[in-house]
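Student: Before I ask anything, here is the structure I am working with.
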Amino acid sequence: DQAAPAQVTATGCPFSAPGRAQAGEYLTTATGTRVRDTDHSLKAGRRGPTLLQDHHLREKITHFDHERIPERVVHARGAAAHGVFTAYGTAGKLTTAGFLAKDVETPVFVRFSTVLGSRGSADTVRDTRGFAVKFYTDEGNFDLVGNNIPVFFIQDGIKFPDVIHAGKPHPDREIPQAQSAHDTFWDFVSLHTEAQHHTMWNMSDRGIPASYRTMEGFGVHTFRLTGPDGSTSLVKFHWKPAAGAHSQVWEEAQLTQGNDPDFHRRDLSDAIEAGAFPEWELGVQVMPDTEDEMFEGIDLLDPTKLVPEELCPVQPIGKMVLNANPTNYFAETEQVAFHPGHLVPGIDVTNDPLLQGRLFSYIDTQLTRLGGPNFDQLPINRPHTEVNDNLRDGYGQQAVHTGMAPYRPNSIDAGNPLPTPTDERPFIEVPTKVEGEKVRANPVTFEDHFSQTRLFYRSLSPVEQEHVASAYTFELGKCFETPIRERQLAHLAAIDADLAKTVATGLGMEVPAPTTTDVTDMAPSPALAQIKPGVTY
Ligand code: HEM
């Protein structure tokens, strides 16, 4: 029931609609000619050879040969579901976004994924999970393209190819890091100490969720909201599962990988089919939009940092229920195209350099993955609102545009859509002030890489800390380069001396001295310093 974009004009022929029924009385070719025999190719005599002339043979095989599209360069393995988001209206003062007004119901499509494995890899590996939500709002699509871990490996989008190359399977034998040498992954995270915080979350139980239904989701970056009075605030988005956050233990994860590589996708679709609809609450941490974009000593543009909930509670703004499985994996789960730049009025991005890199990357990769520039016309990507873009032609164009080519301003074509006046709710970027010299450098506030890593580790219960130590011992045990192990152990010593000792002992290595670089954490703000070990956030 997805509304077709207004630009798609019907040709008047009921059978030329893109969604073919693949039913009906007689088999036909793609161009509608009835087929007499689809089991025998056309041959010169019963013993052949086969004739080039056989159009049905060539059409059938050619189409089959092109059935697959490239898998996603990351997050290739995923499962998805349809659902509905209902807003509480509690964000009404924060943002003008219409879908967040009280009791508004918005259809959603959600895709969960692992990051590094290929499309056919197992579900319960140790990895970050994607948590991407497409809201089909009345004001256009809003995509919240998040993960199940609140921070990211890197602070700048320019390093994304590096971290992914270091983590993906080795190029010679295409064996995933999880089963062979881990040298490149540990080389990267020990050389880029900003990756230590995300890595600690991966080594914790969060890296092996029990189910997609029991994962938290995080927008990670800070976003900027504009309220009805024009005031702005800085927010972080959180999804809290109604069933609570749960993980597997390592032995369980290994068993499920072997027994049922589809464990998570089966669990999600079975639950929905049985009517046990998974639920999440969407919440926001709201921080004042100050000139320095800092909150309690935390740089809100640094995606390797979170804001502890003790300092800024998550306030609920709506509820999401997943209530229907996809009908066709390829058409929906595979062809869906998320993009952090799909925004609606009232929600804007910030200058987080990782988010800025993402704004370029998604559409760029989708041009290849989805075969040209018209993937927004695919049924799963179509907004549930009118589309009056001036885009033309290109591979996969479904519309039959009539009249003159569109351009603006235009004194000839009175029908060409006008730019939207301010009071008719166009998307307007928040006019934040920008000035500075062109530099390739980070703010100095990005330099502390260990204090939140330590804060996270010390917030865990003793049994969770044991799991972290076992995970580091197991994973570093697969790193064959001694200098890399030593470097990573020295970072652990800078994070927590006891953790470093347990891991070093487990590896049969000497307990290292803490790294001298990067141990000078930023002086914590008084509020941050008050957070006690053992507190969960
Ligand atoms: C998927 C790039 C950081 C969450 C992807 C894809 C690319 C990509 C190219 C495949 C998209 C497709 O083929 O449709 C990047 C870059 C990043 C980055 C360049 C950093 C500069 C992040 C971060 C998050 C994230 C920080 C979470 C906050 C996701 C998710 C998907 C995805 C959930 C899967 C979307 C789906 O299910 O289709 N990313 N990513 N990425 N990324 Fe990122």
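By order of appearance in the structure tokens: chains A, B, ..., then residues from 1 within every chain, and ligands from 1 in the order shown.
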Please check which protein, DNA or RNA residues sit within 7 Å of ligand 1, counting only C-alpha atoms and all ligand atoms, and write them as a PyMOL selection string.
Tutor: chain A and resi 72-75+78+111-113+130-132+145-147+152+156-158+160+218-221+336-338+354-355+357-358+361-362+365-366+369
Student: For the residues in that selection, give me N, CA and C atoms as an mmCIF file, in the first residue's frame.
Tutor:
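Written output follows (selection-v3.cif):
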data_model
loop_
_atom_site.group_PDB
_atom_site.id
_atom_site.type_symbol
_atom_site.label_atom_id
_atom_site.label_comp_id
_atom_site.auth_asym_id
_atom_site.auth_seq_id
_atom_site.Cartn_x
_atom_site.Cartn_y
_atom_site.Cartn_z
ATOM 1 N N ARG A 72 25.942 -5.372 0.224
ATOM 2 C CA ARG A 72 26.409 -4.121 0.819
ATOM 3 C C ARG A 72 27.897 -4.257 1.166
ATOM 4 N N VAL A 73 28.645 -3.183 0.997
ATOM 5 C CA VAL A 73 30.087 -3.241 1.254
ATOM 6 C C VAL A 73 30.351 -3.455 2.748
ATOM 7 N N VAL A 74 29.445 -3.001 3.583
ATOM 8 C CA VAL A 74 29.389 -3.354 5.012
ATOM 9 C C VAL A 74 27.928 -3.650 5.341
ATOM 10 N N HIS A 75 27.672 -4.294 6.476
ATOM 11 C CA HIS A 75 26.293 -4.626 6.889
ATOM 12 C C HIS A 75 25.582 -5.487 5.835
ATOM 13 N N GLY A 78 21.710 -9.212 6.900
ATOM 14 C CA GLY A 78 20.686 -8.527 7.690
ATOM 15 C C GLY A 78 19.334 -9.189 7.607
ATOM 16 N N ARG A 111 15.836 -2.522 9.474
ATOM 17 C CA ARG A 111 16.775 -3.588 9.081
ATOM 18 C C ARG A 111 17.875 -3.705 10.133
ATOM 19 N N PHE A 112 18.022 -4.917 10.694
ATOM 20 C CA PHE A 112 19.100 -5.225 11.633
ATOM 21 C C PHE A 112 20.184 -5.960 10.857
ATOM 22 N N SER A 113 21.441 -5.807 11.294
ATOM 23 C CA SER A 113 22.510 -6.428 10.501
ATOM 24 C C SER A 113 23.750 -6.652 11.351
ATOM 25 N N GLY A 130 23.910 -3.451 13.154
ATOM 26 C CA GLY A 130 23.221 -2.281 12.605
ATOM 27 C C GLY A 130 21.785 -2.268 13.084
ATOM 28 N N PHE A 131 21.210 -1.082 13.232
ATOM 29 C CA PHE A 131 19.834 -0.907 13.701
ATOM 30 C C PHE A 131 19.317 0.294 12.906
ATOM 31 N N ALA A 132 18.831 0.016 11.677
ATOM 32 C CA ALA A 132 18.466 1.106 10.758
ATOM 33 C C ALA A 132 16.947 1.179 10.633
ATOM 34 N N VAL A 145 19.807 5.808 11.061
ATOM 35 C CA VAL A 145 20.682 4.693 10.678
ATOM 36 C C VAL A 145 21.691 4.465 11.801
ATOM 37 N N GLY A 146 21.301 3.651 12.774
ATOM 38 C CA GLY A 146 22.102 3.513 13.984
ATOM 39 C C GLY A 146 22.709 2.137 14.164
ATOM 40 N N ASN A 147 23.328 1.946 15.300
ATOM 41 C CA ASN A 147 23.955 0.676 15.676
ATOM 42 C C ASN A 147 23.483 0.267 17.066
ATOM 43 N N PHE A 152 31.403 4.933 18.156
ATOM 44 C CA PHE A 152 31.955 4.321 16.949
ATOM 45 C C PHE A 152 33.478 4.216 17.044
ATOM 46 N N ASP A 156 36.559 10.251 12.349
ATOM 47 C CA ASP A 156 36.515 10.986 11.084
ATOM 48 C C ASP A 156 36.198 9.989 9.965
ATOM 49 N N GLY A 157 35.225 10.330 9.106
ATOM 50 C CA GLY A 157 34.799 9.442 8.028
ATOM 51 C C GLY A 157 35.929 9.008 7.111
ATOM 52 N N ILE A 158 37.002 9.791 7.043
ATOM 53 C CA ILE A 158 38.094 9.463 6.106
ATOM 54 C C ILE A 158 38.793 8.153 6.505
ATOM 55 N N PHE A 160 37.137 5.431 7.492
ATOM 56 C CA PHE A 160 36.214 4.302 7.411
ATOM 57 C C PHE A 160 36.751 3.170 6.529
ATOM 58 N N PHE A 218 21.211 2.906 18.931
ATOM 59 C CA PHE A 218 21.733 4.246 19.216
ATOM 60 C C PHE A 218 21.965 4.998 17.895
ATOM 61 N N GLY A 219 21.563 6.247 17.860
ATOM 62 C CA GLY A 219 21.876 7.075 16.688
ATOM 63 C C GLY A 219 23.352 7.437 16.646
ATOM 64 N N VAL A 220 24.069 7.249 17.750
ATOM 65 C CA VAL A 220 25.499 7.505 17.939
ATOM 66 C C VAL A 220 25.829 9.008 17.859
ATOM 67 N N HIS A 221 25.636 9.609 16.692
ATOM 68 C CA HIS A 221 25.999 11.019 16.531
ATOM 69 C C HIS A 221 25.036 11.910 17.312
ATOM 70 N N VAL A 336 16.321 -2.092 0.222
ATOM 71 C CA VAL A 336 16.091 -0.870 1.008
ATOM 72 C C VAL A 336 17.390 -0.048 1.049
ATOM 73 N N ALA A 337 17.243 1.253 0.934
ATOM 74 C CA ALA A 337 18.407 2.142 0.908
ATOM 75 C C ALA A 337 18.266 3.189 2.013
ATOM 76 N N PHE A 338 19.045 3.006 3.086
ATOM 77 C CA PHE A 338 19.028 3.969 4.191
ATOM 78 C C PHE A 338 20.075 5.046 3.929
ATOM 79 N N LEU A 354 32.476 12.291 11.455
ATOM 80 C CA LEU A 354 32.117 10.937 11.021
ATOM 81 C C LEU A 354 30.779 10.981 10.292
ATOM 82 N N LEU A 355 29.842 11.714 10.878
ATOM 83 C CA LEU A 355 28.517 11.857 10.258
ATOM 84 C C LEU A 355 28.648 12.559 8.903
ATOM 85 N N GLY A 357 31.096 12.383 6.843
ATOM 86 C CA GLY A 357 31.585 11.384 5.876
ATOM 87 C C GLY A 357 30.457 10.464 5.450
ATOM 88 N N ARG A 358 29.606 10.092 6.399
ATOM 89 C CA ARG A 358 28.502 9.192 6.077
ATOM 90 C C ARG A 358 27.530 9.849 5.098
ATOM 91 N N SER A 361 28.771 8.962 1.830
ATOM 92 C CA SER A 361 29.033 7.565 1.484
ATOM 93 C C SER A 361 27.805 6.766 1.042
ATOM 94 N N TYR A 362 26.666 6.935 1.728
ATOM 95 C CA TYR A 362 25.541 6.015 1.496
ATOM 96 C C TYR A 362 24.977 6.134 0.079
ATOM 97 N N THR A 365 27.486 4.664 -2.517
ATOM 98 C CA THR A 365 27.541 3.198 -2.626
ATOM 99 C C THR A 365 26.249 2.656 -3.245
ATOM 100 N N GLN A 366 25.121 3.313 -2.943
ATOM 101 C CA GLN A 366 23.839 2.811 -3.459
ATOM 102 C C GLN A 366 23.722 3.013 -4.967
ATOM 103 N N ARG A 369 25.295 -0.225 -5.912
ATOM 104 C CA ARG A 369 24.605 -1.419 -5.394
ATOM 105 C C ARG A 369 23.221 -1.566 -5.993
#
Student: Do a neighbour search on segment 86-100 of chain A at 9 Å with only C-alpha atoms, toss out local chain neighbours closer than 5 positions, and write the hits as a VMD selection string.
Tutor: chain A and resid 105 to 107 135 137 to 139 225 to 233 282 284 286 315 to 321 344 to 347
Student: Skipping near chain neighbours, those fewer than 6 positions away, what residues fall within 9 Å of Phe142 of chain A using only C-alpha atoms, listed as a list in words?
Tutor: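 Near Phe142 of chain A, the qualifying residues are Val133, Lys134, Phe135, Tyr136, His339, Pro340, Gly341, His342, Leu343, Val344 and Ile347 of chain A.
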Student: Looking only at strand (DSSP E) from DSSP on the backbone, list the matching residues of segment 208-398 of chain A as number ranges by chain.
Tutor: A: 217-218, 223-226, 232-241, 279-288, 294-295, 298-299, 315-324, 347-348
Student: Excluding Arg454 of chain A and its own-chain neighbours fewer than 4 positions away, which residues fall within 7 Å of it when counting only C-alpha atoms? Please give them as a CSV table (one decimal) with C-alpha atoms, in the first residue's frame.
Tutor:
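The result, written out as around-v6.csv:
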chain,number,residue,atom,x,y,z
A,450,PHE,CA,40.7,6.0,27.3
A,458,ARG,CA,34.2,-0.2,35.4
A,495,ILE,CA,42.6,1.6,30.7
A,496,ASP,CA,42.5,-0.8,33.7
Student: Using only C-alpha atoms, find the one residue out of A:Leu268, A:Ala181, A:Val439, A:Ala101 that sits nearest to Met215 of chain A.
Tutor: A:Leu268
